[in-house]
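Notes follow once the structure below has been shown.
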Amino acid sequence: MGKKAISIVLALALAGSAAGCAAGSRPAASVAPNAAKLALAGDSRYKSLRLTPEIYNASNDDLSDLLIIDSAGESVPYFIHTGYRRAYASREAYPMVLVDSYVKDDCFYFDYKLAAPRSGDAVATSLEFATPSAGFAKEVALYGSYDNIYWEFVQNDKLYSIDGVTKLSIEFAQARKYTHYRLMLANNLERISFDAVSLVYRVEISEESNFIESLEPAFTVGSGGRATNIAISGLRNLRLYDVTIHTGSMFKRYARTPHGVGKELYNLSFSGMSYTDTAIPLNWSISHDDEYVVILDDGDDKPIAVDSITVRYYADEVVFEGKAGESYILEFGRDASKRAPVYDIERYKSDVLRGPIDKASISEILYAPEQGAPARDYRLLFNIVIVAVALLLGAVIVLKLRKGAP
């Protein structure tokens, strides 16, 4: 009788322990992805969706977690059109010589012509100057001529060299073909002279057109350690083109970025003329963090007042086959376990891109609930409690049996 009772108690304990293990070993439910509802229009067979910063921020850095789902719940094949290009610059320079200089009505004139005649048109996109002079800023007017007799106004511009900040070229609004150029300075008390003048033709040849988008992100400004830290939000996974600081403060300081890119920025004003360059080129740098920090070296100066930030980035387009009026969603969700899908459409995307493609847009983004902390594993504690209760009951039964024995 006693042995039988103890056996029953131990059997119950083992069963409870097994049940606890079974209950604790259930796999955790998978987390639902984010979903962007798409709005389609047009009669073309193929549609393209320009990805937004919100999608980049919440996706894998290689966009491997993107899926397009139709109203039947089926995945829709797509390919990613990167769109950005690598540019190759071509530059030709034609030396010019000074043929005349004179003063008229308190204005100073410098006339130049090509040093060597050309067989074809002297097509140019800018005029570049070299000078030993420094500490000047001049409003200038530029004229052009084909024969050094009849002159046509080209444009007004500025030339300056102040504390190492220089602008010694005039960029034409459009390509010019003049063989003679006349530079007029309103005054020249500093007796500025030019060592060399060149007519320059510059062109950029690209493989593809760029998809460059811009945004004005949220940011915070902190200071300390003789530096200003500008923490910019919402740039995660973006391929960055440049970042521009907008400020009314007058300054000239060096700026640094997380990728080691640095540049001297300035926003200056002297004698009614302004000189501004507050853009940092980022050359396809990718932000992998939730905050992208630009550091301004302040030295002993007070931090500047940052009014706003503009960021330009290279965007991608997702191209797929779709019908206007039907519902589609784009799923995404920064899941490192997902691999990029491989679709047949990737093999003939060049043919798709040659045809008409309608633009799709995002009508709404539904974010999945944030995944909470992982559930704790109570299996060991549960098993210990079951075994302890079983042993206690067994001890009680044994004691009662002993008391009842003759």
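To be explicit about the labels: the chains of the structure tokens are called A, B, and onward in the order shown, and within each one the residues are counted from 1, while ligands get numbers from 1 in the order they are shown.
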For the interface of stretch 125-238 of chain A with stretch 50-57 of chain A (cut-off 9 Å, counting only C-alpha atoms), please tabulate each contacting residue of stretch 125-238 of chain A alongside its nearest pair of atoms and their separation in Å to one decimal, rows sorted by chain and increasing number, as JSON lines.
{"residue": "A:Phe211", "atom": "CA", "partner": "A:Arg50", "partner_atom": "CA", "distance": 8.8}
{"residue": "A:Leu215", "atom": "CA", "partner": "A:Pro53", "partner_atom": "CA", "distance": 8.8}
{"residue": "A:Gly234", "atom": "CA", "partner": "A:Asn57", "partner_atom": "CA", "distance": 6.6}
{"residue": "A:Leu235", "atom": "CA", "partner": "A:Asn57", "partner_atom": "CA", "distance": 6.8}
{"residue": "A:Arg236", "atom": "CA", "partner": "A:Asn57", "partner_atom": "CA", "distance": 4.9}
{"residue": "A:Asn237", "atom": "CA", "partner": "A:Tyr56", "partner_atom": "CA", "distance": 5.6}
{"residue": "A:Leu238", "atom": "CA", "partner": "A:Tyr56", "partner_atom": "CA", "distance": 6.5}
Output the selection as a PDB file, in the first residue's frame - C-alpha atoms for each residue.
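As a result, selection_6.pdb now contains:
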ATOM      1  CA  PHE A 211      17.258  59.812 -58.159  1.00  0.00           C
ATOM      2  CA  LEU A 215      14.399  66.232 -46.726  1.00  0.00           C
ATOM      3  CA  GLY A 234      15.968  59.738 -39.686  1.00  0.00           C
ATOM      4  CA  LEU A 235      18.980  59.066 -41.940  1.00  0.00           C
ATOM      5  CA  ARG A 236      19.491  55.359 -41.178  1.00  0.00           C
ATOM      6  CA  ASN A 237      20.369  53.346 -44.322  1.00  0.00           C
ATOM      7  CA  LEU A 238      20.230  56.394 -46.624  1.00  0.00           C
TER       8      LEU A 238
END
Just the residues within 6 Å of stretch 122-139 of chain A, please, counting only C-alpha atoms, with nothing from its chain fewer than 5 positions along; format it as a ChimeraX atom specification.
/A:158-162,168-172,175-177,192,194-201
May I have the residues from that selection written out with C-alpha atoms, as a short mmCIF file (atom, residue, chain, number, x, y, z; two decimals), in the first residue's frame?
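Below is the file selection14.cif, written as the result:
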data_model
loop_
_atom_site.label_atom_id
_atom_site.label_comp_id
_atom_site.auth_asym_id
_atom_site.auth_seq_id
_atom_site.Cartn_x
_atom_site.Cartn_y
_atom_site.Cartn_z
CA LYS A 158 31.65 88.14 -57.87
CA LEU A 159 35.36 87.46 -57.50
CA TYR A 160 36.94 87.37 -54.04
CA SER A 161 39.82 86.14 -51.91
CA ILE A 162 39.34 86.76 -48.19
CA LEU A 168 38.16 83.09 -58.79
CA SER A 169 35.92 81.73 -61.53
CA ILE A 170 32.79 82.83 -63.34
CA GLU A 171 30.42 79.96 -64.13
CA PHE A 172 28.32 80.68 -67.19
CA ALA A 175 27.70 77.40 -72.65
CA ARG A 176 29.31 80.33 -74.53
CA LYS A 177 31.28 80.50 -77.80
CA ILE A 192 44.31 93.65 -58.55
CA PHE A 194 45.56 88.48 -62.94
CA ASP A 195 48.51 86.21 -63.70
CA ALA A 196 46.52 83.88 -65.87
CA VAL A 197 43.04 83.64 -67.36
CA SER A 198 41.64 80.47 -68.91
CA LEU A 199 38.51 79.69 -70.83
CA VAL A 200 37.25 76.34 -69.53
CA TYR A 201 34.87 73.76 -70.94
#
Mind listing the strand (DSSP E or B) residues of stretch 137-384 of chain A, per DSSP on the backbone, as a count of residues only?
137
A:Arg347 surroundings by only C-alpha atoms, 12 Å radius, close-in-sequence under 3 positions cut, as a PDB file with N, CA and C atoms, in the first residue's frame:
ATOM      1  N   PRO A  77       6.524  39.815 -58.049  1.00  0.00           N
ATOM      2  CA  PRO A  77       7.940  39.998 -58.418  1.00  0.00           C
ATOM      3  C   PRO A  77       8.271  41.471 -58.656  1.00  0.00           C
ATOM      4  N   TYR A  78       9.483  41.855 -58.300  1.00  0.00           N
ATOM      5  CA  TYR A  78       9.928  43.240 -58.494  1.00  0.00           C
ATOM      6  C   TYR A  78      11.441  43.247 -58.663  1.00  0.00           C
ATOM      7  N   PHE A  79      11.964  44.400 -59.097  1.00  0.00           N
ATOM      8  CA  PHE A  79      13.398  44.633 -59.036  1.00  0.00           C
ATOM      9  C   PHE A  79      13.636  46.047 -58.526  1.00  0.00           C
ATOM     10  N   ILE A  80      14.817  46.270 -57.993  1.00  0.00           N
ATOM     11  CA  ILE A  80      15.165  47.589 -57.456  1.00  0.00           C
ATOM     12  C   ILE A  80      16.009  48.335 -58.472  1.00  0.00           C
ATOM     13  N   VAL A 342      14.669  36.442 -55.208  1.00  0.00           N
ATOM     14  CA  VAL A 342      15.236  36.431 -56.555  1.00  0.00           C
ATOM     15  C   VAL A 342      14.097  36.182 -57.539  1.00  0.00           C
ATOM     16  N   TYR A 343      13.829  37.172 -58.389  1.00  0.00           N
ATOM     17  CA  TYR A 343      12.733  37.080 -59.345  1.00  0.00           C
ATOM     18  C   TYR A 343      13.265  37.102 -60.772  1.00  0.00           C
ATOM     19  N   ASP A 344      12.500  36.496 -61.663  1.00  0.00           N
ATOM     20  CA  ASP A 344      12.879  36.435 -63.066  1.00  0.00           C
ATOM     21  C   ASP A 344      12.889  37.822 -63.715  1.00  0.00           C
ATOM     22  N   SER A 350      16.171  45.656 -68.049  1.00  0.00           N
ATOM     23  CA  SER A 350      16.550  46.690 -69.016  1.00  0.00           C
ATOM     24  C   SER A 350      15.449  46.887 -70.043  1.00  0.00           C
ATOM     25  N   ASP A 351      14.757  45.806 -70.426  1.00  0.00           N
ATOM     26  CA  ASP A 351      13.632  45.929 -71.364  1.00  0.00           C
ATOM     27  C   ASP A 351      12.463  46.646 -70.707  1.00  0.00           C
ATOM     28  N   VAL A 352      12.214  46.343 -69.424  1.00  0.00           N
ATOM     29  CA  VAL A 352      11.122  47.007 -68.705  1.00  0.00           C
ATOM     30  C   VAL A 352      11.380  48.504 -68.616  1.00  0.00           C
ATOM     31  N   LEU A 353      12.628  48.883 -68.325  1.00  0.00           N
ATOM     32  CA  LEU A 353      12.958  50.296 -68.144  1.00  0.00           C
ATOM     33  C   LEU A 353      12.871  51.095 -69.434  1.00  0.00           C
TER      34      LEU A 353
END
Got a sec: who's within 9 Å of A:Ala141, counting only C-alpha atoms, leaving out chain neighbours fewer than 3 positions off, as a PyMOL selection string?
chain A and resi 153-158+182-186
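The space separating atom CA of A:Pro303 from atom CA of A:Phe251 comes to 9.5 Å.
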9 Å contact set for stretch 280-282 of chain A, only C-alpha atoms, chain neighbours under 4 positions out, as a list in words
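In the requested format, the answer is Arg239, Leu240, Tyr241, Asp242, Val243, Thr244, Ile245, Ala255, Arg256, Thr257, His259, Val261, Gly262, Lys263, Glu264, Leu265 and Ile286 of chain A.
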Please, could you write that set of residues out with C-alpha atoms as an mmCIF file, in the first residue's frame?
data_model
loop_
_atom_site.group_PDB
_atom_site.id
_atom_site.type_symbol
_atom_site.label_atom_id
_atom_site.label_comp_id
_atom_site.auth_asym_id
_atom_site.auth_seq_id
_atom_site.Cartn_x
_atom_site.Cartn_y
_atom_site.Cartn_z
ATOM 1 C CA ARG A 239 22.964 56.818 -49.267
ATOM 2 C CA LEU A 240 23.866 60.420 -48.585
ATOM 3 C CA TYR A 241 24.603 63.049 -51.228
ATOM 4 C CA ASP A 242 25.222 66.052 -48.974
ATOM 5 C CA VAL A 243 24.096 67.820 -45.815
ATOM 6 C CA THR A 244 23.602 71.603 -45.648
ATOM 7 C CA ILE A 245 23.489 73.683 -42.476
ATOM 8 C CA ALA A 255 33.020 70.424 -39.968
ATOM 9 C CA ARG A 256 33.447 66.646 -39.562
ATOM 10 C CA THR A 257 31.110 63.709 -40.229
ATOM 11 C CA HIS A 259 32.557 58.807 -42.138
ATOM 12 C CA VAL A 261 34.493 63.470 -44.457
ATOM 13 C CA GLY A 262 35.501 66.968 -43.481
ATOM 14 C CA LYS A 263 35.285 70.442 -44.942
ATOM 15 C CA GLU A 264 35.673 74.076 -43.926
ATOM 16 C CA LEU A 265 32.279 75.786 -43.929
ATOM 17 C CA ILE A 286 25.636 55.345 -45.760
#
Quick one: residues within 7 Å of stretch 113-116 of chain A, only C-alpha atoms, excluding same-chain residues fewer than 3 positions away - as an MDAnalysis selection string?
chainID A and resid 94:99 179:181
Could you tell me which of A:Gly272, A:Pro341, A:Pro117, A:Gly222 comes closest to A:Val293 if we count only C-alpha atoms?
A:Gly222
